[in-house]
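Working notes, beginning with the structure itself.
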Amino acid sequence: MSYENILVASENSIATITINRPTKLNALNKLTIQELHQAFQELEKSHDIRVIILTGSGEKAFVAGADIAEFADFSVEEGVQLAAQGQDILFNFVENLKIPVIAAVNGFALGGGLELAMACHIRVASDNAKMGLPEVSLGVIPGYGGTQRLPQLIGKGRAMEMIMTAGMVNADEAYRTGLVNHIVPQGELLNFCNGIAQKIMKNSPVAISMAINAVNANFKEGENGFQTEIKSFGKCFGTEDFKEGTTAFLEKRKAVFTGE
């Protein structure tokens, strides 16, 4: 499938999605959000893809925010719809994807860009990365999950300060507070993310998807994360991957998982 604002490539079961609006610092407009949804949906259906890396084109920005020109004149109802639809088709969609998604944060990740990175399962930042939620400086608040995911990652107090000051943090501060998992030089960013992907791919795809679901359950209202873990743990016993993994362990060989 061809896209206007994103690039999708795959090699050795690793897909890389690149948001490609360099003249707009890869800002998220409606079309880009829709194209990202379609790409993630197609890759999730593929039996060949085991890990997805998400990044931005160029060296300046992962995603510098939402495309403000698109919603500057919105009404209250349109604003509610914008946030609800965006969360549904992209941010929540990515968070709950069965395939692990690694955000390769190359440069600015602001507003919707940071919210998108936070929806990914793992975040790796280039050493020149800058992150923040500047929405209150525009008279609005984060609407793509930022007020929820940021406190989960760095704690309520730090999240309150970042949101209310509309300030940015550099890569070192993001790493110190747990907002990102790793910092690497920009030129090594994709290779480093590829290395994490290679480690992930040694393990059972079925177990990984169940682990994603179980971890996420702890942050969902009305769900008991422990019960989700127990049920998912039990389901693993009925999979071919479990049989292969335990047999390989007992036979002292490397497991060959099929994702079934």
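Within each chain, counting starts at residue 1; across the structure tokens, chains are named A, B, ... in the order shown, with ligands numbered 1 upward in that order.
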Quick one: residues within 6 Å of Ala109 of chain A, only C-alpha atoms, excluding same-chain residues fewer than 4 positions away - as a PDB file with all heavy atoms, in the first residue's frame?
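Now in out11.pdb:
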ATOM      1  N   PHE A  62      11.077  13.698  15.561  1.00  0.00           N
ATOM      2  CA  PHE A  62      10.257  12.484  15.534  1.00  0.00           C
ATOM      3  C   PHE A  62       8.880  12.917  15.053  1.00  0.00           C
ATOM      4  O   PHE A  62       8.459  12.613  13.947  1.00  0.00           O
ATOM      5  CB  PHE A  62      10.221  11.880  16.941  1.00  0.00           C
ATOM      6  CG  PHE A  62       9.270  10.739  17.120  1.00  0.00           C
ATOM      7  CD1 PHE A  62       9.537   9.504  16.561  1.00  0.00           C
ATOM      8  CD2 PHE A  62       8.113  10.893  17.878  1.00  0.00           C
ATOM      9  CE1 PHE A  62       8.659   8.430  16.739  1.00  0.00           C
ATOM     10  CE2 PHE A  62       7.239   9.831  18.068  1.00  0.00           C
ATOM     11  CZ  PHE A  62       7.515   8.602  17.492  1.00  0.00           C
ATOM     12  N   VAL A  63       8.189  13.663  15.883  1.00  0.00           N
ATOM     13  CA  VAL A  63       6.945  14.353  15.523  1.00  0.00           C
ATOM     14  C   VAL A  63       6.895  15.612  16.381  1.00  0.00           C
ATOM     15  O   VAL A  63       6.911  15.524  17.610  1.00  0.00           O
ATOM     16  CB  VAL A  63       5.699  13.491  15.797  1.00  0.00           C
ATOM     17  CG1 VAL A  63       4.423  14.314  15.590  1.00  0.00           C
ATOM     18  CG2 VAL A  63       5.670  12.258  14.908  1.00  0.00           C
ATOM     19  N   ALA A  64       6.845  16.778  15.735  1.00  0.00           N
ATOM     20  CA  ALA A  64       6.908  18.041  16.482  1.00  0.00           C
ATOM     21  C   ALA A  64       5.560  18.488  17.020  1.00  0.00           C
ATOM     22  O   ALA A  64       5.440  19.585  17.564  1.00  0.00           O
ATOM     23  CB  ALA A  64       7.504  19.131  15.601  1.00  0.00           C
ATOM     24  N   GLY A 113       3.326  14.276  19.291  1.00  0.00           N
ATOM     25  CA  GLY A 113       4.502  13.455  19.033  1.00  0.00           C
ATOM     26  C   GLY A 113       4.951  12.698  20.261  1.00  0.00           C
ATOM     27  O   GLY A 113       5.257  11.498  20.201  1.00  0.00           O
ATOM     28  N   LEU A 114       4.990  13.374  21.406  1.00  0.00           N
ATOM     29  CA  LEU A 114       5.339  12.687  22.645  1.00  0.00           C
ATOM     30  C   LEU A 114       4.232  11.711  23.029  1.00  0.00           C
ATOM     31  O   LEU A 114       4.504  10.607  23.509  1.00  0.00           O
ATOM     32  CB  LEU A 114       5.574  13.698  23.768  1.00  0.00           C
ATOM     33  CG  LEU A 114       5.925  13.092  25.136  1.00  0.00           C
ATOM     34  CD1 LEU A 114       7.123  12.158  25.051  1.00  0.00           C
ATOM     35  CD2 LEU A 114       6.173  14.191  26.163  1.00  0.00           C
ATOM     36  N   MET A 131      11.671  16.625  24.452  1.00  0.00           N
ATOM     37  CA  MET A 131      10.316  16.133  24.616  1.00  0.00           C
ATOM     38  C   MET A 131       9.494  17.043  25.513  1.00  0.00           C
ATOM     39  O   MET A 131      10.023  17.606  26.477  1.00  0.00           O
ATOM     40  CB  MET A 131      10.346  14.719  25.211  1.00  0.00           C
ATOM     41  CG  MET A 131      10.758  13.652  24.218  1.00  0.00           C
ATOM     42  SD  MET A 131      11.408  12.161  25.003  1.00  0.00           S
ATOM     43  CE  MET A 131      13.164  12.525  24.922  1.00  0.00           C
TER      44      MET A 131
END
Skipping near chain neighbours, those fewer than 6 positions away, what residues fall within 12 Å of Tyr175 of chain A using only C-alpha atoms, listed as an MDAnalysis selection string? chainID A and resid 123:127 129:131 153:154 169 181:184
Using only C-alpha atoms, which protein or nucleic acid residues come within 6 Å of Ile17 of chain A? Drop anything in the same chain fewer than 6 positions from it, and give the result as a PyMOL selection string. chain A and resi 7-8+54
Selected residues written out with N, CA and C atoms, as a compact mmCIF listing (two decimals), in the first residue's frame:
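Writing the result to part_28.txt gives the following:
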# COMPACT_ATOMS: atom_id res chain seq x y z
N LEU A 7 6.30 6.35 5.32
CA LEU A 7 7.03 5.34 4.56
C LEU A 7 7.04 4.06 5.37
N VAL A 8 6.84 2.93 4.72
CA VAL A 8 6.84 1.64 5.41
C VAL A 8 7.82 0.70 4.70
N LEU A 54 9.05 2.73 14.95
CA LEU A 54 8.40 3.96 14.49
C LEU A 54 9.34 5.13 14.67
Just the residues within 9 Å of segment 77-90 of chain A, please, counting only C-alpha atoms, with nothing from its chain fewer than 2 positions along; format it as a count of residues only. 20
Identify which of the residues A:Thr18, A:Asn128, A:Leu190, A:Thr32 lies closest to Glu173 of chain A, counting only C-alpha atoms when measuring atom-to-atom distances. A:Asn128
In Å, how far is it from atom CA of Gly132 of chain A to atom CA of Leu110 of chain A? 4.9 Å
Would you mind listing, for every residue of segment 80-150 of chain A within 8 Å of segment 209-212 of chain A, the two atoms forming the shortest contact and the distance between them in Å to one decimal, using only C-alpha atoms, sorted by chain and ascending residue number, as a tab-separated table?
residue	atom	partner	partner_atom	distance
A:Asn96	CA	A:Ile212	CA	7.2
A:Leu97	CA	A:Ser209	CA	7.8
A:Lys98	CA	A:Ser209	CA	4.6
A:Ile99	CA	A:Ser209	CA	6.3
A:Pro100	CA	A:Ser209	CA	7.7
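Here the question is which of A:Phe249, A:Gly107, A:Ala207, A:Pro22 gets nearest to Glu229 of chain A using only C-alpha atoms, and that residue is A:Ala207.
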